[in-house]
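Q: Please read through the structure below; I'll follow up with questions.
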Amino acid sequence: MVEKAPFLSCKCIDNMAENRPTPEEIFNLLQRAKSRERSLFVSPVDTEAAMRYGAFVGSVIESHSTLPRAMDHARHLINKTVQAGSSVASGTVILADTMTRSKGRFARAWHAPAGGIWGCLIHANTLLPQSRRFISLATGLSCCEAVREIGLEKALLRWVNDVLFEGRKLAGFLVESFTEPVHGEEFTLVGFGINANNGLFPAELNASSISLGQILAREIDLCTFTALFLSRLAWNFGLLYHEEAKELRGEGFSGRGGQHLLLERWLACSDTVGKRVVYGFDVMTAPQYRADVLGIDADGGLILRLAGGHEKTEYSGEIRYLEPPLLPLP
Amino acid sequence: MSNEIDFDELLSKYKSDPFDYVDVFAVHTGRVSFKVVEGEEVNAASGEWLQVPGTRLYEINRERNPKIIAAQTNGTVAKIYTEFDGQFVEAGEKLMTIKHPLKKKEIIENILKEVLLLFPAPETAKYFFAMDIQSRIEKKGARAVTIEPGEEILTMSLMKRDTPVYYQGQRGVIHSIYFKQGISVARGEPLLGICAPEKLTLIQKIITRVKADWDTDH
């Protein structure tokens, strides 16, 4: 049976834009993901439902050759649309070949030259708070799965959602909420930065960053990889809704032992558990303490053992791995 | 916020009974088993990162998932509802009361909390000031920073998802900051104490008076 694509729209704002995947490509890849899941001997997923839930991601795509900042553009687009008496399509993706004023969390600079995959997904927030907390994990997982799918099986996730390859950062994400001023509708903006064909990094990031092009020793097709990443994002957002619906029906989550399926899949792609880390709310400028990672709790929190043997679970902040592991913490 | 504060009455109240009475409730439904007895001293979580858990107060078991609830405050168990020991309780059932001795600083904060507009945490999360507010605080100090209704003042961070927090309340200056960057704040706990600019003198008067009238730090 050939499934019909839902309403899809591609707005190429700038004909010079290089990264111009189409919603159809994303939809087709999403269908492929569904078929693969369905072919598993025992899949706990209602694949039709997961696909239906996630298909909104990438249903509208705006491609720009350059933008100051994709997140700012998303906020502007939401405001402009709502002031015109309409509502922005949930799942709209904004892409830019380069960004001139991009930034990371806090006041960190973010370098977004040509060759990378830079952009933002607009998600009208219809998830319950207990599902919303998995959005950051879903975003990193989607990228890690896409990277593995092109053959880089050694890509790993570092809590919360950094994608690393042999210890160097391939991609970073920024998840922010935004409430539009007319009706108070809340959106989640998922900013993504994936080092694809860009190979030059600022001196301070040179040792800790890497791109797909550098690893593969060849350029990748930006549109193809972006479509693959967005299709994984669609699938994983679909899983968030799928798991939420199952839980609300009183059936529990689909993972082993009743674990949230997204968390189970995140854990399968991560090497964080067992690592010795330095933790900080803003770990780059204000590292707080060293600890061993004991596990990830049911809400995605990081269970840590500090010096003295005391355990603490963190639900925000970030970590850096300490390599090589030292002697056991006193 | 009133200009009329009866300092003598307030101070005599705290002098005659310099304690807070902190009620402890069931965090969810389940079977309760107490770990303390009446009169026992309890301690709050401690350590630089609050990594040392407080005294174990009770265990609550729901569907074979036992959870230990630890003390969030120092003090003595003043009252314990022993009739619930071993029983199934509803979420929110009052289980015990802890008598917490107040320090001078806490008395000042308690009085100020009665006269300041408190801005509570919308969710249990970590908070930091919005960049514009942070830069104004760094330049002039918090008490010189006036915030307006609808202004983005904080960012709430939970699982690396940042949500702007907008101030809802009357225009005022940031008098008290109750959170620390990197330390989690429970939902409903105050984040900021806001004061109308013209009331700053009154607030200062309260602080001076308590400091002068209170003999010791404890």
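Convention: chains lettered A, B, ... in structure tokens order; per-chain residue numbering from 1; ligands numbered from 1 as shown.
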If you run DSSP on the backbone here, which positions in region 29-202 of chain B get alpha helix (DSSP H)? Please write them as a list in words.
A: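 Filtering region 29-202 of chain B down to alpha helix (DSSP H) leaves Lys104, Lys105, Glu106, Ile107, Ile108, Glu109, Asn110, Ile111, Leu112, Lys113, Glu114, Val115, Met131, Asp132, Ile133, Gln134, Ser135, Arg136, Ile137, Glu138, Lys139, Lys140, Leu200, Thr201 and Leu202 of chain B.
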Q: What are the residues of chain A lining chain B at 7 Å or less? Count only C-alpha atoms, and put the answer as a short mmCIF file (atom, residue, chain, number, x, y, z; two decimals) with all heavy atoms, in the first residue's frame.
A:
```cif
data_model
loop_
_atom_site.label_atom_id
_atom_site.label_comp_id
_atom_site.auth_asym_id
_atom_site.auth_seq_id
_atom_site.Cartn_x
_atom_site.Cartn_y
_atom_site.Cartn_z
N ARG A 133 10.05 16.63 28.78
CA ARG A 133 11.41 16.56 29.31
C ARG A 133 12.30 15.63 28.47
O ARG A 133 13.51 15.64 28.61
CB ARG A 133 11.42 16.17 30.78
CG ARG A 133 10.82 14.82 31.07
CD ARG A 133 11.08 14.41 32.51
NE ARG A 133 10.59 15.38 33.47
CZ ARG A 133 11.23 15.70 34.60
NH1 ARG A 133 12.37 15.12 34.88
NH2 ARG A 133 10.73 16.58 35.44
N SER A 136 14.86 17.00 24.55
CA SER A 136 16.31 17.18 24.36
C SER A 136 16.97 15.84 24.04
O SER A 136 17.85 15.75 23.18
CB SER A 136 16.95 17.79 25.60
OG SER A 136 16.58 19.13 25.71
N VAL A 160 23.34 15.64 27.91
CA VAL A 160 21.97 15.29 27.59
C VAL A 160 21.86 14.90 26.10
O VAL A 160 21.22 13.90 25.78
CB VAL A 160 21.05 16.49 27.87
CG1 VAL A 160 19.59 16.18 27.51
CG2 VAL A 160 21.17 16.98 29.31
N VAL A 175 17.40 23.72 22.93
CA VAL A 175 15.94 23.58 22.99
C VAL A 175 15.39 24.70 23.86
O VAL A 175 15.77 24.83 25.03
CB VAL A 175 15.53 22.19 23.55
CG1 VAL A 175 14.02 22.04 23.56
CG2 VAL A 175 16.16 21.08 22.73
N GLU A 176 14.54 25.53 23.26
CA GLU A 176 13.99 26.67 24.00
C GLU A 176 12.48 26.72 23.82
O GLU A 176 11.97 26.36 22.75
CB GLU A 176 14.59 27.99 23.47
CG GLU A 176 16.07 28.13 23.75
CD GLU A 176 16.66 29.44 23.25
OE1 GLU A 176 15.95 30.25 22.63
OE2 GLU A 176 17.86 29.64 23.47
N SER A 177 11.80 27.21 24.85
CA SER A 177 10.36 27.42 24.73
C SER A 177 10.10 28.85 24.29
O SER A 177 10.89 29.74 24.59
CB SER A 177 9.67 27.20 26.07
OG SER A 177 9.86 25.88 26.48
N PHE A 281 26.30 23.31 36.00
CA PHE A 281 25.11 23.87 35.35
C PHE A 281 25.57 24.52 34.04
O PHE A 281 24.97 24.36 33.00
CB PHE A 281 24.46 24.88 36.27
CG PHE A 281 23.19 25.45 35.73
CD1 PHE A 281 22.13 24.63 35.39
CD2 PHE A 281 23.04 26.82 35.56
CE1 PHE A 281 20.96 25.15 34.87
CE2 PHE A 281 21.88 27.35 35.06
CZ PHE A 281 20.83 26.52 34.71
N HIS A 310 28.12 9.70 48.19
CA HIS A 310 26.73 10.17 48.16
C HIS A 310 26.22 10.24 46.73
O HIS A 310 26.95 10.61 45.82
CB HIS A 310 26.62 11.54 48.83
CG HIS A 310 27.00 11.51 50.26
ND1 HIS A 310 26.28 10.82 51.20
CD2 HIS A 310 28.06 12.04 50.91
CE1 HIS A 310 26.86 10.93 52.38
NE2 HIS A 310 27.95 11.68 52.23
N GLU A 311 24.94 9.91 46.58
CA GLU A 311 24.33 9.93 45.25
C GLU A 311 23.49 11.19 45.08
O GLU A 311 22.87 11.67 46.03
CB GLU A 311 23.45 8.70 45.04
CG GLU A 311 24.25 7.44 44.89
CD GLU A 311 23.40 6.21 44.66
OE1 GLU A 311 22.26 6.36 44.20
OE2 GLU A 311 23.89 5.10 44.95
N LYS A 312 23.46 11.67 43.84
CA LYS A 312 22.68 12.87 43.53
C LYS A 312 22.18 12.73 42.10
O LYS A 312 22.91 12.22 41.25
CB LYS A 312 23.59 14.10 43.66
CG LYS A 312 22.91 15.42 43.51
CD LYS A 312 23.86 16.55 43.92
CE LYS A 312 23.33 17.91 43.53
NZ LYS A 312 22.06 18.25 44.12
N TYR A 315 18.88 17.02 36.88
CA TYR A 315 17.92 17.09 35.77
C TYR A 315 18.23 18.22 34.82
O TYR A 315 17.47 18.45 33.87
CB TYR A 315 16.49 17.20 36.31
CG TYR A 315 16.08 15.97 37.07
CD1 TYR A 315 16.17 15.92 38.46
CD2 TYR A 315 15.65 14.83 36.39
CE1 TYR A 315 15.82 14.79 39.16
CE2 TYR A 315 15.30 13.68 37.08
CZ TYR A 315 15.39 13.66 38.47
OH TYR A 315 15.04 12.52 39.15
N SER A 316 19.26 18.96 35.09
CA SER A 316 19.69 19.98 34.13
C SER A 316 21.18 20.15 34.30
O SER A 316 21.79 19.53 35.18
CB SER A 316 18.94 21.29 34.33
OG SER A 316 19.09 21.73 35.64
N GLY A 317 21.78 20.99 33.49
CA GLY A 317 23.23 21.13 33.53
C GLY A 317 23.86 20.27 32.45
O GLY A 317 23.17 19.73 31.57
#
```
Q: For region 82-87 of chain A, find every residue with an atom within 9 Å (counting only C-alpha atoms), except residues of its own chain fewer than 4 positions away, and show them as an mmCIF file with N, CA and C atoms, in the first residue's frame.
A:
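This went into result-v2.cif:
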```
data_model
loop_
_atom_site.group_PDB
_atom_site.id
_atom_site.type_symbol
_atom_site.label_atom_id
_atom_site.label_comp_id
_atom_site.auth_asym_id
_atom_site.auth_seq_id
_atom_site.Cartn_x
_atom_site.Cartn_y
_atom_site.Cartn_z
ATOM 1 N N LEU A 77 8.768 34.489 12.792
ATOM 2 C CA LEU A 77 7.777 33.848 11.922
ATOM 3 C C LEU A 77 6.491 33.521 12.703
ATOM 4 N N ILE A 78 6.669 33.017 13.920
ATOM 5 C CA ILE A 78 5.493 32.680 14.746
ATOM 6 C C ILE A 78 4.692 33.950 15.023
ATOM 7 N N GLU A 180 3.888 32.644 22.159
ATOM 8 C CA GLU A 180 3.539 33.772 21.271
ATOM 9 C C GLU A 180 2.622 34.738 22.023
ATOM 10 N N PRO A 181 2.724 36.027 21.688
ATOM 11 C CA PRO A 181 2.083 37.038 22.540
ATOM 12 C C PRO A 181 0.590 37.240 22.338
ATOM 13 N N VAL A 182 0.009 36.702 21.260
ATOM 14 C CA VAL A 182 -1.405 37.010 21.005
ATOM 15 C C VAL A 182 -2.332 36.055 21.763
ATOM 16 N N HIS A 183 -2.148 34.752 21.576
ATOM 17 C CA HIS A 183 -3.023 33.774 22.247
ATOM 18 C C HIS A 183 -2.310 33.026 23.360
#
```
Q: Tell me, in Å to one decimal, how far CA of Glu323 (chain A) is from CA of Arg290 (chain A).
A: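 Atom-to-atom, CA of Glu323 (chain A) to CA of Arg290 (chain A), that is 12.1 Å.
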Q: Enumerate as a ChimeraX atom specification all residues of region 151-206 of chain B assigned to strand (DSSP E) by DSSP on the backbone, naming them with the chain letters and numbers the document uses.
A: /B:152-158,161-166,172-177,190-195
Q: I'd like to know which of B:Asp17, B:Glu93, B:Asp23, B:Glu109 is closest to Ile207 (chain B), using only C-alpha atoms.
A: B:Glu109
